[in-house]
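Engineer: Here you go, this is upload-v1.txt (compact mmCIF, C-alpha atoms and all ligand atoms).
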```txt
# COMPACT_ATOMS: atom_id res chain seq x y z
CA MET A 1185 14.89 56.81 -126.41
CA ASN A 1186 15.26 56.14 -130.15
CA LYS A 1187 19.03 56.24 -129.93
CA GLU A 1188 19.15 53.81 -127.00
CA VAL A 1189 16.90 51.37 -128.86
CA SER A 1190 19.03 51.53 -132.03
CA ALA A 1191 22.20 51.01 -129.99
CA LEU A 1192 21.04 47.49 -129.05
CA VAL A 1193 20.69 46.21 -132.60
CA ARG A 1194 24.41 45.78 -133.31
CA PRO A 1195 25.39 43.84 -130.16
CA ILE A 1196 22.38 41.55 -130.63
CA LYS A 1197 23.23 40.90 -134.28
CA ASP A 1198 26.87 40.26 -133.40
CA ALA A 1199 26.01 37.68 -130.73
CA LYS A 1200 25.72 33.97 -131.46
CA SER A 1201 24.44 32.69 -128.16
CA ILE A 1202 22.38 34.79 -125.73
CA LEU A 1203 21.44 34.40 -122.05
CA LEU A 1204 18.09 36.01 -121.26
CA THR A 1205 16.91 36.63 -117.72
CA GLY A 1206 14.66 38.76 -115.51
CA HIS A 1207 13.64 39.33 -111.91
CA VAL A 1208 12.59 36.76 -109.32
CA SER A 1209 8.84 36.41 -108.66
CA PRO A 1210 8.38 36.56 -112.43
CA ASP A 1211 5.33 38.46 -113.69
CA GLY A 1212 3.66 38.92 -117.08
CA ASP A 1213 5.91 41.81 -118.11
CA ASN A 1214 9.09 40.02 -117.22
CA LEU A 1215 8.05 36.74 -118.90
CA GLY A 1216 6.40 38.45 -121.87
CA SER A 1217 9.56 40.51 -122.50
CA MET A 1218 11.87 37.50 -122.34
CA LEU A 1219 9.72 35.22 -124.48
CA ALA A 1220 9.03 37.88 -127.13
CA LEU A 1221 12.74 38.69 -127.29
CA LYS A 1222 13.65 35.00 -127.53
CA LEU A 1223 11.29 34.46 -130.48
CA MET A 1224 12.56 37.64 -132.13
CA VAL A 1225 16.27 36.85 -131.98
CA GLU A 1226 15.71 33.20 -132.89
CA GLN A 1227 14.49 34.56 -136.23
CA LEU A 1228 18.04 35.91 -136.60
CA GLY A 1229 19.47 32.42 -135.99
CA LYS A 1230 20.66 33.10 -132.43
CA LYS A 1231 20.76 30.42 -129.76
CA VAL A 1232 18.86 31.62 -126.69
CA THR A 1233 18.82 30.28 -123.13
CA ILE A 1234 16.36 31.75 -120.64
CA VAL A 1235 17.17 31.22 -116.96
CA ILE A 1236 15.26 32.53 -113.93
CA ASP A 1237 16.05 31.92 -110.26
CA ASP A 1238 12.45 31.07 -109.46
CA SER A 1239 9.56 28.90 -110.58
CA ILE A 1240 7.07 30.09 -113.21
CA PRO A 1241 3.43 30.57 -112.17
CA ASP A 1242 1.10 28.10 -113.95
CA CYS A 1243 -1.12 30.88 -115.27
CA PHE A 1244 1.49 31.77 -117.91
CA SER A 1245 1.68 28.27 -119.40
CA PHE A 1246 -0.21 29.42 -122.54
CA LEU A 1247 2.78 31.56 -123.63
CA ALA A 1248 4.84 30.11 -126.49
CA GLY A 1249 8.26 28.93 -125.31
CA ILE A 1250 7.43 29.05 -121.60
CA ASP A 1251 8.40 25.37 -121.12
CA GLU A 1252 11.92 26.10 -122.32
CA ILE A 1253 12.63 28.52 -119.47
CA LYS A 1254 15.19 26.95 -117.14
CA GLU A 1255 15.03 27.38 -113.40
CA TYR A 1256 18.45 28.25 -111.95
CA GLU A 1257 20.43 25.35 -110.50
CA ALA A 1258 23.89 25.52 -108.97
CA ASP A 1259 25.41 23.13 -111.55
CA LEU A 1260 23.92 24.94 -114.55
CA THR A 1261 26.47 26.23 -117.07
CA VAL A 1262 25.79 28.40 -120.09
CA ASP A 1263 28.16 29.36 -122.86
CA VAL A 1264 27.00 32.72 -124.16
CA ASP A 1265 28.48 35.85 -125.69
CA LEU A 1266 25.71 38.27 -124.64
CA THR A 1267 23.42 38.56 -121.62
CA ILE A 1268 20.13 40.47 -121.71
CA VAL A 1269 18.37 41.35 -118.44
CA VAL A 1270 14.78 42.60 -118.59
CA ASP A 1271 12.42 44.36 -116.16
CA SER A 1272 15.01 44.53 -113.34
CA SER A 1273 16.32 47.69 -111.64
CA ASN A 1274 19.59 46.06 -110.58
CA LEU A 1275 21.44 42.75 -110.76
CA GLU A 1276 20.30 41.68 -107.29
CA ARG A 1277 16.82 41.29 -108.75
CA ILE A 1278 17.97 38.31 -110.86
CA ALA A 1279 19.36 36.60 -107.72
CA ARG A 1280 21.74 33.68 -108.45
CA VAL A 1281 21.49 34.01 -112.23
CA GLU A 1282 24.10 36.73 -111.75
CA GLU A 1283 26.62 33.92 -111.13
CA LEU A 1284 26.13 32.76 -114.74
CA ILE A 1285 27.27 36.11 -116.15
CA LYS A 1286 30.96 36.08 -117.06
CA GLU A 1287 32.86 38.55 -119.26
CA GLU A 1288 30.20 38.98 -121.93
CA PRO A 1289 28.47 42.34 -122.42
CA ILE A 1290 25.16 42.95 -120.65
CA ILE A 1291 22.11 44.62 -122.15
CA ASN A 1292 19.75 46.12 -119.58
CA ILE A 1293 16.16 46.73 -120.76
CA ASP A 1294 13.86 48.14 -118.08
CA HIS A 1295 11.22 50.70 -117.10
CA HIS A 1296 11.94 51.21 -113.38
CA SER A 1297 12.95 54.77 -112.50
CA ASP A 1298 15.41 53.45 -109.90
CA ASN A 1299 17.31 51.36 -112.46
CA ASN A 1300 21.05 51.69 -111.74
CA SER A 1301 22.25 51.32 -115.38
CA PHE A 1302 24.15 48.11 -114.63
CA GLY A 1303 24.45 47.19 -118.31
CA ASP A 1304 27.08 47.87 -120.94
CA TYR A 1305 24.05 48.95 -122.97
CA ASN A 1306 21.09 50.45 -121.10
CA LEU A 1307 17.64 50.91 -122.54
CA VAL A 1308 15.76 52.36 -119.57
CA ALA A 1309 12.69 54.51 -120.15
CA ASP A 1310 9.59 55.68 -118.35
CA VAL A 1311 7.05 53.48 -120.10
CA ALA A 1312 4.21 51.40 -118.67
CA ALA A 1313 5.89 48.04 -119.22
CA THR A 1314 9.24 46.65 -120.37
CA VAL A 1315 7.42 44.98 -123.29
CA GLU A 1316 6.93 48.48 -124.78
CA LEU A 1317 10.72 48.65 -125.13
CA ILE A 1318 10.89 45.16 -126.67
CA TYR A 1319 8.25 46.28 -129.16
CA ALA A 1320 10.34 49.36 -130.00
CA LEU A 1321 13.35 47.10 -130.54
CA GLN A 1322 11.39 44.86 -132.89
CA GLU A 1323 10.52 47.91 -134.97
CA LYS A 1324 14.25 48.68 -135.31
CA MET A 1325 15.20 45.16 -136.41
CA GLU A 1326 14.07 45.02 -140.01
CA GLU A 1327 14.70 41.30 -140.43
CA VAL A 1328 12.49 40.41 -137.47
CA GLU A 1329 8.81 39.87 -138.12
CA LEU A 1330 6.11 40.29 -135.53
CA THR A 1331 4.16 37.02 -135.17
CA PHE A 1332 1.07 35.97 -133.25
CA GLU A 1333 3.27 34.35 -130.56
CA ILE A 1334 5.48 37.42 -130.13
CA ALA A 1335 2.46 39.73 -130.10
CA THR A 1336 0.73 37.58 -127.46
CA ALA A 1337 3.81 37.70 -125.22
CA LEU A 1338 4.03 41.49 -125.59
CA ALA A 1339 0.30 41.96 -124.97
CA THR A 1340 0.55 39.86 -121.79
CA GLY A 1341 3.14 42.30 -120.42
CA LEU A 1342 0.99 45.29 -121.30
CA ILE A 1343 -2.14 43.80 -119.74
CA THR A 1344 -0.48 42.70 -116.51
CA ASP A 1345 1.70 45.77 -115.79
CA THR A 1346 -1.14 48.22 -116.50
CA GLY A 1347 -3.84 46.24 -114.63
CA SER A 1348 -5.68 45.87 -117.95
CA PHE A 1349 -4.99 49.49 -118.93
CA ARG A 1350 -6.44 50.87 -115.68
CA TYR A 1351 -3.30 52.05 -113.85
CA SER A 1352 -1.91 55.55 -114.20
CA ASN A 1353 1.17 54.30 -116.08
CA THR A 1354 -1.02 53.59 -119.14
CA SER A 1355 -0.21 56.02 -121.95
CA SER A 1356 -1.50 56.61 -125.45
CA MET A 1357 1.60 54.72 -126.63
CA THR A 1358 0.51 51.70 -124.56
CA HIS A 1359 -2.85 51.70 -126.34
CA GLN A 1360 -1.26 52.26 -129.74
CA ILE A 1361 1.02 49.27 -129.28
CA MET A 1362 -1.89 47.13 -128.10
CA ALA A 1363 -3.94 48.16 -131.14
CA GLU A 1364 -1.08 47.07 -133.40
CA LEU A 1365 -0.72 43.75 -131.56
CA LEU A 1366 -4.42 43.03 -132.10
CA ASN A 1367 -3.72 43.09 -135.84
CA TYR A 1368 -1.61 39.97 -135.30
CA GLY A 1369 -4.53 38.00 -133.87
CA VAL A 1370 -3.85 38.55 -130.17
CA ASP A 1371 -6.85 37.50 -128.06
CA PRO A 1372 -6.91 39.79 -124.99
CA SER A 1373 -9.92 38.02 -123.50
CA LEU A 1374 -7.96 34.76 -123.52
CA ILE A 1375 -4.94 36.40 -121.90
CA ALA A 1376 -7.16 38.00 -119.24
CA LYS A 1377 -8.93 34.67 -118.62
CA GLU A 1378 -5.66 32.75 -118.22
CA VAL A 1379 -3.76 35.29 -116.14
CA LEU A 1380 -6.32 37.36 -114.24
CA GLU A 1381 -9.61 35.52 -114.14
CA THR A 1382 -8.69 31.97 -113.25
CA ASN A 1383 -8.15 31.28 -109.55
CA SER A 1384 -7.30 28.09 -107.74
CA TYR A 1385 -9.77 26.92 -105.10
CA GLN A 1386 -7.13 27.67 -102.46
CA ASN A 1387 -6.68 31.20 -103.80
CA LEU A 1388 -10.40 31.99 -103.38
CA ILE A 1389 -10.64 30.46 -99.91
CA LEU A 1390 -7.44 32.21 -98.83
CA ARG A 1391 -8.74 35.51 -100.19
CA GLY A 1392 -11.85 35.23 -98.00
CA LYS A 1393 -9.81 34.45 -94.92
CA VAL A 1394 -7.20 37.16 -95.51
CA LEU A 1395 -9.76 39.87 -96.32
CA GLN A 1396 -11.62 39.14 -93.08
CA ASN A 1397 -8.54 40.37 -91.27
CA LEU A 1398 -8.13 43.62 -93.21
CA GLN A 1399 -6.34 46.20 -91.06
CA VAL A 1400 -6.74 49.95 -91.35
CA ASP A 1401 -4.88 52.73 -89.53
CA THR A 1402 -6.75 55.38 -87.56
CA THR A 1403 -6.72 57.87 -90.46
CA GLY A 1404 -8.16 55.32 -92.91
CA LYS A 1405 -5.38 56.10 -95.38
CA ILE A 1406 -3.35 52.92 -94.86
CA ALA A 1407 -4.93 49.51 -95.36
CA TRP A 1408 -3.11 46.18 -95.18
CA LEU A 1409 -3.41 42.43 -95.31
CA LYS A 1410 -1.28 39.66 -93.87
CA VAL A 1411 -0.68 36.10 -95.02
CA SER A 1412 1.06 33.87 -92.49
CA GLN A 1413 2.50 30.40 -93.05
CA GLU A 1414 -0.08 29.15 -90.54
CA MET A 1415 -2.94 30.41 -92.73
CA LEU A 1416 -1.42 28.82 -95.84
CA GLU A 1417 -1.00 25.49 -94.06
CA GLU A 1418 -4.54 25.53 -92.71
CA ILE A 1419 -5.97 25.95 -96.22
CA GLY A 1420 -3.40 23.79 -98.00
CA ALA A 1421 -2.44 26.83 -100.07
CA ASP A 1422 0.99 27.93 -101.25
CA LEU A 1423 2.52 31.29 -102.10
CA GLU A 1424 1.27 31.17 -105.68
CA ASP A 1425 -2.26 31.22 -104.25
CA THR A 1426 -1.64 34.73 -102.90
CA THR A 1427 -1.70 36.14 -106.46
CA GLY A 1428 -3.86 39.23 -106.78
CA LEU A 1429 -4.25 39.83 -103.03
CA VAL A 1430 -1.95 42.87 -103.08
CA ASN A 1431 -4.49 44.82 -105.13
CA TYR A 1432 -7.33 44.65 -102.58
CA PRO A 1433 -6.39 46.90 -99.64
CA ARG A 1434 -5.84 50.07 -101.68
CA THR A 1435 -9.39 49.74 -103.09
CA LEU A 1436 -10.78 50.58 -99.63
CA LYS A 1437 -12.67 53.85 -99.94
CA GLY A 1438 -10.52 56.68 -98.59
CA ALA A 1439 -7.29 54.65 -98.53
CA GLU A 1440 -4.18 56.03 -100.22
CA VAL A 1441 -1.94 53.02 -99.75
CA GLY A 1442 -2.52 49.27 -99.70
CA ILE A 1443 0.00 46.74 -98.41
CA LEU A 1444 0.32 42.96 -98.44
CA PHE A 1445 2.64 41.17 -96.02
CA LYS A 1446 3.53 37.59 -96.94
CA GLU A 1447 5.37 35.36 -94.51
CA ILE A 1448 7.76 33.33 -96.67
CA GLU A 1449 9.60 31.99 -93.65
CA GLN A 1450 9.65 32.97 -89.99
CA GLU A 1451 11.99 35.91 -90.50
CA GLU A 1452 11.45 36.54 -94.19
CA ILE A 1453 8.50 38.80 -94.97
CA ARG A 1454 7.79 39.82 -98.55
CA VAL A 1455 5.95 43.12 -98.77
CA GLY A 1456 3.94 44.44 -101.73
CA LEU A 1457 2.95 48.12 -101.72
CA ARG A 1458 0.43 49.95 -103.90
CA SER A 1459 -0.77 53.56 -103.78
CA ASN A 1460 -3.60 55.46 -105.42
CA ASN A 1461 -2.74 59.11 -105.97
CA TYR A 1462 0.35 60.56 -104.38
CA LEU A 1463 2.25 58.36 -101.95
CA GLN A 1464 5.58 57.23 -103.43
CA VAL A 1465 5.68 53.63 -102.27
CA ASN A 1466 9.07 53.01 -103.90
CA GLN A 1467 10.56 55.51 -101.41
CA VAL A 1468 9.25 53.33 -98.58
CA ALA A 1469 10.51 50.15 -100.27
CA HIS A 1470 14.00 51.70 -100.67
CA LEU A 1471 14.26 52.03 -96.88
CA PHE A 1472 14.09 48.23 -96.72
CA ASP A 1473 16.43 47.60 -99.69
CA GLY A 1474 13.54 47.07 -102.07
CA GLY A 1475 12.34 49.16 -104.98
CA GLY A 1476 9.77 49.56 -107.72
CA HIS A 1477 7.58 52.33 -109.10
CA PRO A 1478 5.90 55.29 -107.33
CA ARG A 1479 2.53 53.46 -107.34
CA ALA A 1480 3.73 49.82 -107.07
CA ALA A 1481 6.76 48.63 -105.16
CA GLY A 1482 8.06 45.82 -103.00
CA CYS A 1483 10.70 44.72 -100.51
CA THR A 1484 11.67 41.82 -98.28
CA ILE A 1485 12.11 42.36 -94.53
CA ASN A 1486 14.06 39.85 -92.44
CA LEU A 1487 12.05 40.17 -89.24
CA LYS A 1488 9.10 38.35 -87.70
CA LEU A 1489 5.73 39.17 -89.26
CA ASP A 1490 4.48 41.50 -86.52
CA GLU A 1491 7.83 43.34 -86.29
CA ALA A 1492 8.00 43.80 -90.06
CA GLU A 1493 4.42 45.07 -89.98
CA GLU A 1494 5.18 47.62 -87.28
CA GLN A 1495 8.33 48.96 -88.96
CA LEU A 1496 6.84 49.16 -92.40
CA ILE A 1497 3.58 50.82 -91.31
CA ASN A 1498 5.60 53.43 -89.39
CA ALA A 1499 7.69 54.12 -92.48
CA VAL A 1500 4.51 54.50 -94.56
CA LYS A 1501 3.13 56.99 -92.03
CA GLU A 1502 6.32 59.06 -92.32
CA GLN A 1503 6.21 58.96 -96.11
CA LEU A 1504 2.52 59.96 -96.03
CA ALA A 1505 3.44 63.05 -94.02
CA LYS A 1506 6.10 63.93 -96.64
CA ASP A 1507 4.06 63.27 -99.75
CA LYS A 1508 0.68 64.68 -98.74
CA SER A 1509 1.98 68.21 -98.98
CA LYS A 1510 3.25 67.66 -102.53
CA PRO A 1511 1.15 67.76 -105.67
CA SER A 1512 0.42 64.36 -107.20
CA GLU A 1513 3.36 63.15 -109.25
CA GLY A 1514 4.88 60.08 -110.82
CA ARG A 1515 3.43 57.21 -112.69
CA ASP A 1516 3.38 53.52 -111.85
P1 LIG B 1601 5.09 43.20 -106.57
O1 LIG B 1601 4.43 43.76 -105.36
O2 LIG B 1601 5.94 41.99 -106.30
O3 LIG B 1601 4.11 42.99 -107.70
O4 LIG B 1601 6.12 44.30 -107.09
C1 LIG B 1601 5.72 45.58 -107.44
C2 LIG B 1601 6.87 46.33 -108.05
O5 LIG B 1601 7.94 46.47 -107.13
C3 LIG B 1601 7.49 45.67 -109.28
O6 LIG B 1601 7.84 46.68 -110.19
C4 LIG B 1601 8.72 44.98 -108.75
O7 LIG B 1601 9.68 44.89 -109.76
C5 LIG B 1601 9.14 45.88 -107.60
N1 LIG B 1601 9.70 45.10 -106.50
C6 LIG B 1601 9.07 44.14 -105.77
N2 LIG B 1601 9.88 43.62 -104.84
C7 LIG B 1601 11.07 44.24 -104.98
C8 LIG B 1601 12.35 44.14 -104.32
N3 LIG B 1601 12.57 43.29 -103.32
N4 LIG B 1601 13.34 44.95 -104.76
C9 LIG B 1601 13.14 45.82 -105.77
N5 LIG B 1601 11.97 45.97 -106.43
C10 LIG B 1601 10.94 45.20 -106.05
MN MN B 1602 8.05 43.03 -113.29
MN MN B 1603 7.46 45.69 -115.53
```
Please render this file's structure as structure tokens.
Ligand code: AMP
Ligand code: MN
Ligand code: MN
Structural biologist:
Amino acid sequence: MNKEVSALVRPIKDAKSILLTGHVSPDGDNLGSMLALKLMVEQLGKKVTIVIDDSIPDCFSFLAGIDEIKEYEADLTVDVDLTIVVDSSNLERIARVEELIKEEPIINIDHHSDNNSFGDYNLVADVAATVELIYALQEKMEEVELTFEIATALATGLITDTGSFRYSNTSSMTHQIMAELLNYGVDPSLIAKEVLETNSYQNLILRGKVLQNLQVDTTGKIAWLKVSQEMLEEIGADLEDTTGLVNYPRTLKGAEVGILFKEIEQEEIRVGLRSNNYLQVNQVAHLFDGGGHPRAAGCTINLKLDEAEEQLINAVKEQLAKDKSKPSEGRD
């Protein structure tokens, strides 16, 4: 990995103006990676534009530079000589931001095992969060100093992608980096409060309603939740209020896999998958053109809610039959 990290230093130093982007449905790792990188390369005098084809959840508003992130618009133009894409397995994950990329080289920094090496430079490694790779890059750029703001952005990615250091992707390196970030004044309790422990009223009410309808298959190994547009309307909630729901079903005692179905539109169902010990949920997500990690993955299915549910649960059952005979493998 050392070599791949070092290989990024030259193209970054040679660039004058950089486009930074990451996947839709932005999360703490994606945003933390982009904002830390922005603050780092600004120290080198680079002009940086961050564009995402999505809105930014309010819970990240404490991160330095978050207000400068632009949401993609059709008439947006950027004049850059380098594009850096973070936390995304392929260019489809950045949606319409791909249209902004012209002839300039692309740097791809990611930790998904299904990353297709779309960049001219690819830093892809099996680490808990993309921010671990941004941290490694900072160490290689002697002129760049770690600051409180950069450290806070990096720590946010570590905390969110590891479920506060509880998921199986957490390594000793993850903890070592976090320990170093604490030396820069990072306040993990504040990050946890902002991102994980503050819920809108609608989120809590929705959670109650959705959990009441928890579904479980006959074996007890598959548990799932559904959020329909009707439920959201009834409560006056929106999609942002579904945050955190995906983590509940797999906590059911005896369950191996937990799933959340979200009706975005009538025939657009976003699916989040999580597993506990052995089921490779990214294999299921791939069947529906999605992706992710062995223990956390997602996809979008263009069918009605009940049809999407039936097809996906069947695919999970088939994957369960394949994976249960294998020893536990893979990390988040
Ligand atoms: P989520 O359930 O949205 O938190 O996503 C869990 C993991 O799956 C993350 O690593 C995502 O990057 C990945 N993922 C989610 N949706 C998709 C998708 N449609 N295509 C590829 N990867 C996805
Ligand atoms: Mn992500
Ligand atoms: Mn990530």
Engineer: Around ligand MN 1603 (chain B), which protein and nucleic acid residues have at least one atom no more than 8 Å from it, if we count only C-alpha atoms and all ligand atoms? List them as JSON, numbers by chain.
Structural biologist: {"A": [1211, 1212, 1213, 1214, 1271, 1272, 1294, 1295, 1296, 1312, 1313, 1314, 1315, 1341, 1345]}
Engineer: What are the centre and edge lengths in Å, to one decimal, of the axis-aligned box around all listed atoms of ligand LIG 1601 (chain B) with 6 Å added on each side, as lines of an AutoDock Vina configuration file?
Structural biologist:
```
center_x = 8.7
center_y = 44.3
center_z = -106.8
size_x = 21.2
size_y = 16.7
size_z = 18.9
```
Engineer: Measure the distance from CA of Val1270 in chain A to CA of Leu1204 in chain A in Å and round it to one decimal.
Structural biologist: 7.8 Å
Engineer: Set the cut-off to 10 Å, count all atoms listed in the file, and list whatever residues fall near ligand LIG 1601 (chain B) as a compact mmCIF listing (two decimals) with C-alpha atoms, in the coordinates of the input.
Structural biologist:
```txt
# COMPACT_ATOMS: atom_id res chain seq x y z
CA GLY A 1206 14.66 38.76 -115.51
CA HIS A 1207 13.64 39.33 -111.91
CA VAL A 1208 12.59 36.76 -109.32
CA SER A 1209 8.84 36.41 -108.66
CA PRO A 1210 8.38 36.56 -112.43
CA ASP A 1211 5.33 38.46 -113.69
CA ASP A 1213 5.91 41.81 -118.11
CA ASN A 1214 9.09 40.02 -117.22
CA ASP A 1271 12.42 44.36 -116.16
CA SER A 1272 15.01 44.53 -113.34
CA SER A 1273 16.32 47.69 -111.64
CA ASN A 1274 19.59 46.06 -110.58
CA GLU A 1276 20.30 41.68 -107.29
CA ARG A 1277 16.82 41.29 -108.75
CA ASP A 1294 13.86 48.14 -118.08
CA HIS A 1295 11.22 50.70 -117.10
CA HIS A 1296 11.94 51.21 -113.38
CA SER A 1297 12.95 54.77 -112.50
CA ASP A 1298 15.41 53.45 -109.90
CA ASN A 1299 17.31 51.36 -112.46
CA ALA A 1313 5.89 48.04 -119.22
CA THR A 1344 -0.48 42.70 -116.51
CA ASP A 1345 1.70 45.77 -115.79
CA THR A 1427 -1.70 36.14 -106.46
CA GLY A 1428 -3.86 39.23 -106.78
CA LEU A 1429 -4.25 39.83 -103.03
CA VAL A 1430 -1.95 42.87 -103.08
CA ASN A 1431 -4.49 44.82 -105.13
CA ILE A 1443 0.00 46.74 -98.41
CA LEU A 1444 0.32 42.96 -98.44
CA PHE A 1445 2.64 41.17 -96.02
CA ARG A 1454 7.79 39.82 -98.55
CA VAL A 1455 5.95 43.12 -98.77
CA GLY A 1456 3.94 44.44 -101.73
CA LEU A 1457 2.95 48.12 -101.72
CA ARG A 1458 0.43 49.95 -103.90
CA VAL A 1465 5.68 53.63 -102.27
CA ASN A 1466 9.07 53.01 -103.90
CA ALA A 1469 10.51 50.15 -100.27
CA HIS A 1470 14.00 51.70 -100.67
CA PHE A 1472 14.09 48.23 -96.72
CA ASP A 1473 16.43 47.60 -99.69
CA GLY A 1474 13.54 47.07 -102.07
CA GLY A 1475 12.34 49.16 -104.98
CA GLY A 1476 9.77 49.56 -107.72
CA HIS A 1477 7.58 52.33 -109.10
CA PRO A 1478 5.90 55.29 -107.33
CA ARG A 1479 2.53 53.46 -107.34
CA ALA A 1480 3.73 49.82 -107.07
CA ALA A 1481 6.76 48.63 -105.16
CA GLY A 1482 8.06 45.82 -103.00
CA CYS A 1483 10.70 44.72 -100.51
CA THR A 1484 11.67 41.82 -98.28
CA ILE A 1485 12.11 42.36 -94.53
CA ASP A 1516 3.38 53.52 -111.85
```
Engineer: How many Å separate CA of Ser1301 in chain A from CA of Val1189 in chain A?
Structural biologist: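 Between CA of Ser1301 in chain A and CA of Val1189 in chain A the gap is 14.5 Å.
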Engineer: Could you tell me which of A:Leu1266, A:Glu1327, A:Thr1340, A:Leu1496 comes closest to ligand MN 1602 (chain B) if we count only C-alpha atoms and all ligand atoms?
Structural biologist: A:Thr1340
Engineer: My list of candidates is A:Ala1492, A:Ile1236, A:Ile1334, A:Ile1453. Which is closest to Leu1423 in chain A when distances are computed with all atoms listed in the file?
Structural biologist: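 Of A:Ala1492, A:Ile1236, A:Ile1334, A:Ile1453, the one nearest Leu1423 in chain A, counting all atoms listed in the file, is A:Ile1453.
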Engineer: What is the CA of Ile1285 in chain A-CA of Ile1202 in chain A distance in Å, reported with one decimal?
Structural biologist: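 Value for the CA of Ile1285 in chain A-CA of Ile1202 in chain A distance: 10.8 Å.
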Engineer: As a count of residues only, please: the residues near Val1225 in chain A (cut-off 10 Å, only C-alpha atoms, same-chain neighbours under 5 positions excluded).
Structural biologist: 14
Engineer: Using all atoms listed in the file, which residues sit within 7 Å of Lys1324 in chain A once same-chain residues fewer than 3 positions away are excluded, as number ranges by chain?
Structural biologist: A: 1190, 1320-1321
Engineer: Determine, counting all atoms listed in the file, which protein, DNA and RNA residues have an atom within 6 Å of an atom of Ile1234 in chain A; residues of the same chain fewer than 4 positions away are not included. Present the result as number ranges by chain.
Structural biologist: A: 1203-1205, 1253
Engineer: When you count all atoms listed in the file, which of these residues is closest to Tyr1305 in chain A: A:Asp1507, A:Leu1219, A:Gln1495, A:Glu1188?
Structural biologist: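 Of A:Asp1507, A:Leu1219, A:Gln1495, A:Glu1188, the one nearest Tyr1305 in chain A, counting all atoms listed in the file, is A:Glu1188.
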Engineer: Of the candidates A:Leu1342, A:Tyr1462, A:Val1264, A:Ser1373, which shows the shortest atom-to-atom distance to ligand MN 1602 (chain B), using all atoms listed in the file?
Structural biologist: A:Leu1342
Engineer: For the point (5.7, 60.6, -94.5) in the file's frame, write as an mmCIF file with C-alpha atoms, in the coordinates of the input all residues with an atom no more than 10 Å away, counting all atoms listed in the file.
Structural biologist:
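Written file, selection04.cif:
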```cif
data_model
loop_
_atom_site.group_PDB
_atom_site.id
_atom_site.type_symbol
_atom_site.label_atom_id
_atom_site.label_comp_id
_atom_site.auth_asym_id
_atom_site.auth_seq_id
_atom_site.Cartn_x
_atom_site.Cartn_y
_atom_site.Cartn_z
ATOM 1 C CA LEU A 1463 2.250 58.360 -101.950
ATOM 2 C CA GLN A 1464 5.580 57.230 -103.430
ATOM 3 C CA GLN A 1467 10.560 55.510 -101.410
ATOM 4 C CA VAL A 1468 9.250 53.330 -98.580
ATOM 5 C CA ASN A 1498 5.600 53.430 -89.390
ATOM 6 C CA ALA A 1499 7.690 54.120 -92.480
ATOM 7 C CA VAL A 1500 4.510 54.500 -94.560
ATOM 8 C CA LYS A 1501 3.130 56.990 -92.030
ATOM 9 C CA GLU A 1502 6.320 59.060 -92.320
ATOM 10 C CA GLN A 1503 6.210 58.960 -96.110
ATOM 11 C CA LEU A 1504 2.520 59.960 -96.030
ATOM 12 C CA ALA A 1505 3.440 63.050 -94.020
ATOM 13 C CA LYS A 1506 6.100 63.930 -96.640
ATOM 14 C CA ASP A 1507 4.060 63.270 -99.750
ATOM 15 C CA LYS A 1508 0.680 64.680 -98.740
ATOM 16 C CA SER A 1509 1.980 68.210 -98.980
#
```
Engineer: Point out the residue among A:Pro1289, A:Gly1229, A:Gly1216, A:Gly1438 with the least atom-to-atom distance to ligand MN 1602 (chain B), counting all atoms listed in the file.
Structural biologist: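 Between A:Pro1289, A:Gly1229, A:Gly1216, A:Gly1438, the residue approaching ligand MN 1602 (chain B) most closely is A:Gly1216.
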Engineer: Near Asn1367 in chain A, within 10 Å and counting only C-alpha atoms, which residues show up once chain neighbours fewer than 4 positions away are dropped, as a list in words?
Structural biologist: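 So the residues in contact are Thr1331, Phe1332, Ala1335, Met1362 and Ala1363 of chain A.
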Engineer: Just checking: using only C-alpha atoms and all ligand atoms, which residue out of A:Glu1418, A:Asn1461, A:Thr1346, A:Glu1257 ends up closest to ligand MN 1602 (chain B)?
Structural biologist: A:Thr1346
